[in-house]
Every structure is written in C-alpha cells, then in structure tokens.
>>> print(open('my_file_21.cif').read())   # mmCIF, C-alpha atoms
data_protein
#
loop_
_atom_site.label_atom_id
_atom_site.label_comp_id
_atom_site.auth_asym_id
_atom_site.auth_seq_id
_atom_site.Cartn_x
_atom_site.Cartn_y
_atom_site.Cartn_z
CA ASP X 1 -127.75 8.95 56.86
CA ALA X 2 -129.64 7.11 54.12
CA GLY X 3 -127.15 8.27 51.48
CA ILE X 4 -124.16 6.46 53.04
CA THR X 5 -124.07 2.79 53.92
CA GLN X 6 -121.16 1.19 55.71
CA SER X 7 -120.75 -2.57 55.83
CA PRO X 8 -120.33 -4.54 57.90
CA ARG X 9 -121.57 -2.58 60.91
CA HIS X 10 -119.75 -4.87 63.33
CA LYS X 11 -116.92 -7.31 62.81
CA VAL X 12 -114.72 -9.42 65.05
CA THR X 13 -111.68 -11.03 63.54
CA GLU X 14 -108.26 -12.39 64.44
CA THR X 15 -104.84 -10.84 64.19
CA GLY X 16 -103.21 -11.45 60.83
CA THR X 17 -106.40 -11.85 58.81
CA PRO X 18 -107.32 -9.50 55.96
CA VAL X 19 -110.32 -7.26 56.48
CA THR X 20 -112.22 -5.10 54.01
CA LEU X 21 -114.71 -2.44 54.98
CA ARG X 22 -117.08 -0.98 52.45
CA CYS X 23 -118.56 2.46 52.10
CA HIS X 24 -121.36 2.90 49.61
CA GLN X 25 -122.96 6.24 48.71
CA THR X 26 -125.99 7.08 46.63
CA GLU X 27 -125.38 10.85 46.48
CA ASN X 28 -122.80 10.96 43.68
CA HIS X 29 -120.37 12.94 45.85
CA ARG X 30 -116.88 13.36 44.49
CA TYR X 31 -115.00 13.06 47.78
CA MET X 32 -114.97 10.09 50.11
CA TYR X 33 -113.01 9.68 53.32
CA TRP X 34 -112.12 7.02 55.86
CA TYR X 35 -111.57 7.99 59.50
CA ARG X 36 -110.89 5.96 62.59
CA GLN X 37 -112.15 6.99 66.00
CA ASP X 38 -110.40 6.01 69.21
CA PRO X 39 -110.88 7.30 72.76
CA GLY X 40 -108.69 10.32 73.37
CA HIS X 41 -107.77 10.70 69.71
CA GLY X 42 -110.91 12.00 68.10
CA LEU X 43 -111.39 11.31 64.40
CA ARG X 44 -108.22 10.66 62.46
CA LEU X 45 -108.04 10.61 58.68
CA ILE X 46 -106.80 7.33 57.19
CA HIS X 47 -107.21 7.79 53.44
CA TYR X 48 -109.38 9.83 51.15
CA SER X 49 -110.47 9.87 47.53
CA TYR X 50 -111.21 12.78 45.22
CA GLY X 51 -112.49 10.69 42.34
CA VAL X 52 -112.49 7.25 40.78
CA LYS X 53 -109.01 5.75 41.11
CA ASP X 54 -107.75 8.96 42.77
CA THR X 55 -106.78 8.42 46.39
CA ASP X 56 -104.34 9.89 48.88
CA LYS X 57 -103.01 9.16 52.33
CA GLY X 58 -104.18 10.75 55.53
CA GLU X 59 -102.44 11.14 58.87
CA VAL X 60 -102.71 7.46 59.97
CA SER X 61 -102.46 5.48 56.73
CA ASP X 62 -99.86 2.86 57.72
CA GLY X 63 -101.33 -0.64 57.56
CA TYR X 64 -104.30 0.43 55.43
CA SER X 65 -105.01 0.54 51.71
CA VAL X 66 -108.00 1.83 49.79
CA SER X 67 -109.60 1.47 46.41
CA ARG X 68 -112.24 3.35 44.52
CA SER X 69 -113.21 1.74 41.24
CA LYS X 70 -116.67 3.34 41.12
CA THR X 71 -117.94 6.71 42.29
CA GLU X 72 -120.27 5.11 44.79
CA ASP X 73 -117.88 2.68 46.51
CA PHE X 74 -114.81 3.30 48.64
CA LEU X 75 -113.14 0.25 50.16
CA LEU X 76 -110.78 0.21 53.12
CA THR X 77 -108.53 -2.85 53.46
CA LEU X 78 -106.44 -4.00 56.37
CA GLU X 79 -104.06 -6.44 54.67
CA SER X 80 -103.02 -8.14 57.92
CA ALA X 81 -105.06 -6.88 60.85
CA THR X 82 -103.36 -6.03 64.14
CA SER X 83 -104.87 -5.40 67.56
CA SER X 84 -103.92 -1.71 67.27
CA GLN X 85 -106.42 -1.42 64.43
CA THR X 86 -109.31 -2.21 66.74
CA SER X 87 -111.43 0.90 66.37
CA VAL X 88 -114.61 2.43 65.07
CA TYR X 89 -114.28 3.31 61.40
CA PHE X 90 -116.31 6.08 59.83
CA CYS X 91 -116.77 6.80 56.18
CA ALA X 92 -117.65 10.33 55.10
CA ILE X 93 -118.60 11.93 51.82
CA GLY X 94 -118.47 15.49 50.57
CA ARG X 95 -118.32 17.76 47.60
CA GLU X 96 -117.19 21.26 46.87
CA ASP X 97 -120.48 22.96 47.72
CA GLN X 98 -121.63 20.82 50.65
CA PRO X 99 -120.17 20.00 54.04
CA GLN X 100 -118.84 16.57 54.77
CA HIS X 101 -121.22 14.07 56.40
CA PHE X 102 -120.70 10.67 57.92
CA GLY X 103 -121.97 7.13 57.71
CA ASP X 104 -123.05 5.19 60.79
CA GLY X 105 -119.66 3.57 61.37
CA THR X 106 -118.19 0.09 61.56
CA ARG X 107 -117.06 -1.28 64.90
CA LEU X 108 -114.05 -3.53 64.28
CA SER X 109 -112.51 -5.71 66.96
CA ILE X 110 -109.26 -7.57 66.28
CA LEU X 111 -108.43 -10.26 68.80
CA GLY C 112 -100.11 19.61 57.50
CA GLU C 113 -102.97 20.98 59.56
CA ASN C 114 -103.09 20.41 63.30
CA VAL C 115 -106.14 21.21 65.42
CA GLU C 116 -106.05 21.56 69.20
CA GLN C 117 -109.31 21.52 71.17
CA HIS C 118 -110.00 22.53 74.79
CA PRO C 119 -111.29 21.57 77.24
CA SER C 120 -111.47 17.81 76.88
CA THR C 121 -114.38 17.64 79.34
CA LEU C 122 -116.88 20.29 80.35
CA SER C 123 -119.64 20.06 82.93
CA VAL C 124 -122.32 22.73 83.23
CA GLN C 125 -125.67 23.19 84.88
CA GLU C 126 -128.77 23.32 82.74
CA GLY C 127 -129.33 26.87 81.56
CA ASP C 128 -125.66 27.84 81.73
CA SER C 129 -123.53 28.64 78.72
CA ALA C 130 -120.78 26.39 77.39
CA VAL C 131 -117.73 27.43 75.38
CA ILE C 132 -115.35 25.13 73.54
CA LYS C 133 -112.20 26.49 71.94
CA CYS C 134 -110.03 25.29 69.07
CA THR C 135 -106.82 26.46 67.49
CA TYR C 136 -105.45 25.49 64.10
CA SER C 137 -102.01 25.68 62.55
CA ASP C 138 -102.44 26.04 58.78
CA SER C 139 -103.22 29.61 57.75
CA ALA C 140 -104.56 28.28 54.42
CA SER C 141 -107.52 26.64 56.20
CA ASN C 142 -110.74 28.47 55.46
CA TYR C 143 -113.51 26.16 56.64
CA PHE C 144 -114.32 25.38 60.28
CA PRO C 145 -117.19 23.04 61.08
CA TRP C 146 -118.42 21.71 64.40
CA TYR C 147 -119.82 18.22 64.82
CA LYS C 148 -121.88 16.74 67.65
CA GLN C 149 -121.66 13.04 68.40
CA GLU C 150 -124.04 11.27 70.74
CA LEU C 151 -123.02 7.96 72.26
CA GLY C 152 -122.90 5.20 69.65
CA LYS C 153 -123.94 7.52 66.84
CA ARG C 154 -122.24 9.15 63.89
CA PRO C 155 -120.87 12.69 64.10
CA GLN C 156 -123.40 15.23 62.83
CA LEU C 157 -122.71 18.74 61.62
CA ILE C 158 -124.27 21.37 63.86
CA ILE C 159 -122.75 24.57 62.54
CA ASP C 160 -119.92 25.71 60.30
CA ILE C 161 -118.16 28.91 59.38
CA ARG C 162 -115.96 30.04 56.54
CA SER C 163 -113.06 32.40 56.87
CA ASN C 164 -114.82 35.35 55.27
CA VAL C 165 -117.20 35.47 58.25
CA GLY C 166 -116.31 36.31 61.84
CA GLU C 167 -119.39 34.94 63.58
CA LYS C 168 -122.37 32.77 62.78
CA LYS C 169 -125.42 31.97 64.89
CA ASP C 170 -128.11 29.32 64.76
CA GLN C 171 -130.58 29.58 67.61
CA ARG C 172 -128.67 28.67 70.79
CA ILE C 173 -125.44 27.87 68.99
CA ALA C 174 -122.84 30.30 67.73
CA VAL C 175 -119.35 30.01 66.32
CA THR C 176 -116.73 32.76 66.29
CA LEU C 177 -113.55 32.85 64.24
CA ASN C 178 -110.36 34.85 64.71
CA LYS C 179 -108.21 34.24 61.65
CA THR C 180 -105.36 36.37 62.90
CA ALA C 181 -105.01 34.31 66.05
CA LYS C 182 -106.01 31.09 64.26
CA HIS C 183 -108.66 30.13 66.74
CA PHE C 184 -112.38 29.53 66.68
CA SER C 185 -114.93 28.77 69.36
CA LEU C 186 -118.32 27.15 69.82
CA HIS C 187 -120.79 28.85 72.15
CA ILE C 188 -123.91 27.10 73.40
CA THR C 189 -126.33 29.21 75.40
CA GLU C 190 -129.15 28.05 77.68
CA THR C 191 -127.80 24.52 77.73
CA GLN C 192 -130.21 21.61 78.00
CA PRO C 193 -129.62 17.97 78.98
CA GLU C 194 -129.97 16.95 75.33
CA ASP C 195 -126.89 19.05 74.54
CA SER C 196 -124.84 16.42 76.39
CA ALA C 197 -122.57 14.81 73.79
CA VAL C 198 -119.05 14.89 72.41
CA TYR C 199 -118.30 17.94 70.27
CA PHE C 200 -115.57 18.03 67.63
CA CYS C 201 -114.10 21.01 65.87
CA ALA C 202 -112.36 20.64 62.53
CA ALA C 203 -110.45 22.70 60.01
CA SER C 204 -109.63 22.41 56.34
CA MET C 205 -109.60 24.21 53.07
CA TRP C 206 -113.14 24.04 51.76
CA GLY C 207 -113.72 20.82 49.83
CA THR C 208 -110.71 18.99 51.28
CA ALA C 209 -110.40 16.46 54.07
CA LEU C 210 -111.26 17.70 57.54
CA ILE C 211 -108.71 17.51 60.32
CA PHE C 212 -110.41 17.13 63.68
CA GLY C 213 -109.65 18.14 67.22
CA LYS C 214 -109.73 15.40 69.84
CA GLY C 215 -113.18 16.29 71.09
CA THR C 216 -114.89 17.78 74.14
CA THR C 217 -117.29 15.76 76.25
CA LEU C 218 -120.04 18.12 77.39
CA SER C 219 -122.23 17.08 80.30
CA VAL C 220 -125.29 19.15 81.14
CA SER C 221 -126.87 18.35 84.47
CA SER C 222 -130.41 19.30 85.41
#
>>> encode(input="my_file_21.cif", output="structure tokens")
Amino acid sequence: DAGITQSPRHKVTETGTPVTLRCHQTENHRYMYWYRQDPGHGLRLIHYSYGVKDTDKGEVSDGYSVSRSKTEDFLLTLESATSSQTSVYFCAIGREDQPQHFGDGTRLSIL
Amino acid sequence: GENVEQHPSTLSVQEGDSAVIKCTYSDSASNYFPWYKQELGKRPQLIIDIRSNVGEKKDQRIAVTLNKTAKHFSLHITETQPEDSAVYFCAASMWGTALIFGKGTTLSVSS
C-alpha cells in the first residue's frame, strides 16, 4: 500500500541489541497499530496509537515500547531484543470511517 | 478483552466447491467484523467486512454472515478458484478501535 511505508523491510540483529522499526503513513489517519505475526498465532496486537503522543498497550506488549511524535510516524522499539521477538511485524492504519489496512511488513530475525 | 476463535485452521477443497470459515468472538460490545486474505509473503488485505446492524453481506463469490446472539460470524466462498488459496483471518472490534484477530485458516484450492 503506497500510503504506508515500513522500514526496514528486513533486519537481522543479535540478542540484547536495541531495535527500532518505523511506520510512516501519508494518509493522515488518526489510528496506527503494530502487530506481530507468528505461525499458529495469527496477528497479535502489540501497541496502538489514537493520536500524537497517545498510545496504549495491546495483548503482547511486554518487551516493546512505542512512540508517536508526529501523526505520520509510529515507532516500535525493542529495548533489548530477544530471540522470542523474531517475527514479522506489521503496521496498520485506520480511522473512524475507514477499515484498517496494513503495510508490507518487516521481517525481523534475532540471533 | 476480546477473544476471537477461528475454525478450521486448514481447509482443502476442490476447485468449484464452496468453502466456509467460522469465527466466534467473546465481547458483546464488538460491532465490526472484517475478513482479511493474506497470500504468502504479502500483507493482509481486506476482502469483506460487516457491521453488527447487518446480518449478511455479499460481494460476488464472497459472503459474510453474522449472528450477534450467538456471537459468531462466517466467511463463505463459492465456486472456489486456485487463486483463492491463501490464509484468511477473521477479526472483531468496536468500529474504529484495534482489531483482534483469529489465528487464521489456510485455504488450499486444488484444480
């Protein structure tokens, strides 16, 4: 989707290092979400934002933090990456009158 | 919080047959039920959605039904084609809030 850009698209890093994933949108949507996708678990909500500086936890938020200083950017940070955080991470955006849609994902491998 | 159960986890059909995927949800406040299709290595894409003031919605070969009393909803695909092969996710939420997803159904359509 041209309106959502996730970066990086792929990353390999080591246990214990900090990692930041970026989600950038050009659609001025109020809501932004971070999900992780793992085999057998579907898409699980990590954190979400309902406006600048307004964020809340999802069902699997432990070990993750987020920030949203501008409408267009939503950052997901793994302060000290662990192997259990190896996953595909999807950002999604939405607003009250439109369904949620997803970015292309970031494949993160933690060795 | 909301919990969504999805069945079956895998489904194999012959081309031309119908496929049905079922989901149940736990939070009676949920009023929005989308379905996403995800092809291998791609992002989830919305294929159809329904709100709780509607019992059924159709779009060509795809239909979704909702039973609010029983808290379940289903995806029906008729005249399946090989290109329908993908992972399908149901989700539930209150409109405008974060989606909670089922664990997905892998649909295989053989010709």
>>> resolve_selection(input="my_file_21.cif", expression="the PyMOL selection byres ((chain X) within 6 of (chain C))", output="VMD selection string")
chain X and resid 41 to 43 95 to 96 104
>>> closest_residue(input="my_file_21.cif", among="C:Ile188, C:Val220, C:Val131, C:Leu151", to="Gln117 in chain C", atoms="all atoms listed in the file")
C:Val131
>>> closest_residue(input="my_file_21.cif", among="C:Arg162, C:Glu116, C:Gln149, C:Tyr136", to="Gly105 in chain X", atoms="all atoms listed in the file")
C:Gln149
>>> atom_distance(input="my_file_21.cif", atom1="CA of Arg68 in chain X", atom2="CA of Val52 in chain X")
5.4 Å
>>> resolve_selection(input="my_file_21.cif", expression="the PyMOL selection byres ((chain C and resi 196) around 6)", output="count of residues only")
7
>>> closest_residue(input="my_file_21.cif", among="X:Ser7, X:Ser83, X:Thr13, X:Gly58", to="Trp34 in chain X", atoms="only C-alpha atoms")
X:Gly58
>>> atom_distance(input="my_file_21.cif", atom1="CA of Ala140 in chain C", atom2="CA of Ser163 in chain C")
9.8 Å
>>> resolve_selection(input="my_file_21.cif", expression="the PyMOL selection byres ((chain X and resi 6) around 10)", output="JSON, numbers by chain")
{"X": [4, 5, 7, 8, 9, 10, 21, 22, 23, 24, 25, 73, 74, 75, 89, 90, 91, 92, 102, 103, 104, 105, 106]}
>>> residues_near_point(input="my_file_21.cif", point="(-124.2, 29.0, 70.8)", cutoff="7 Å", atoms="all atoms listed in the file", output="PyMOL selection string")
chain C and resi 169+172-175+186-189
>>> closest_residue(input="my_file_21.cif", among="X:Val19, X:Thr77, X:Arg30, X:Asp38", to="Asp54 in chain X", atoms="all atoms listed in the file")
X:Arg30
>>> axis_aligned_box(input="my_file_21.cif", around="range 114-133 of chain C", padding_each_side="5 Å", output="lines of an AutoDock Vina configuration file")
center_x = -116.2
center_y = 23.1
center_z = 74.1
size_x = 36.2
size_y = 21.0
size_z = 31.6
>>> closest_residue(input="my_file_21.cif", among="X:Leu76, X:Pro18, X:Thr82, X:Lys70", to="Ile46 in chain X", atoms="only C-alpha atoms")
X:Leu76
>>> atom_distance(input="my_file_21.cif", atom1="CA of Asn164 in chain C", atom2="CA of Ala181 in chain C")
14.6 Å
>>> closest_residue(input="my_file_21.cif", among="C:Ile132, C:Ala203, C:Val124, C:Ile161", to="Thr191 in chain C", atoms="all atoms listed in the file")
C:Val124
>>> residues_around(input="my_file_21.cif", residues="Thr135 in chain C", least_positions_apart="6", cutoff="6 Å", atoms="only C-alpha atoms", output="list of chain:residue names")
C:Val115, C:Glu116, C:Lys182, C:His183
>>> residues_near_point(input="my_file_21.cif", point="(-104.6, -3.8, 67.2)", cutoff="8 Å", atoms="only C-alpha atoms", output="PDB file with C-alpha atoms, in the coordinates of the input")
ATOM      1  CA  THR X  15    -104.840 -10.840  64.190  1.00  0.00           C
ATOM      2  CA  ALA X  81    -105.060  -6.880  60.850  1.00  0.00           C
ATOM      3  CA  THR X  82    -103.360  -6.030  64.140  1.00  0.00           C
ATOM      4  CA  SER X  83    -104.870  -5.400  67.560  1.00  0.00           C
ATOM      5  CA  SER X  84    -103.920  -1.710  67.270  1.00  0.00           C
ATOM      6  CA  GLN X  85    -106.420  -1.420  64.430  1.00  0.00           C
ATOM      7  CA  THR X  86    -109.310  -2.210  66.740  1.00  0.00           C
ATOM      8  CA  ILE X 110    -109.260  -7.570  66.280  1.00  0.00           C
ATOM      9  CA  LEU X 111    -108.430 -10.260  68.800  1.00  0.00           C
TER      10      LEU X 111
END
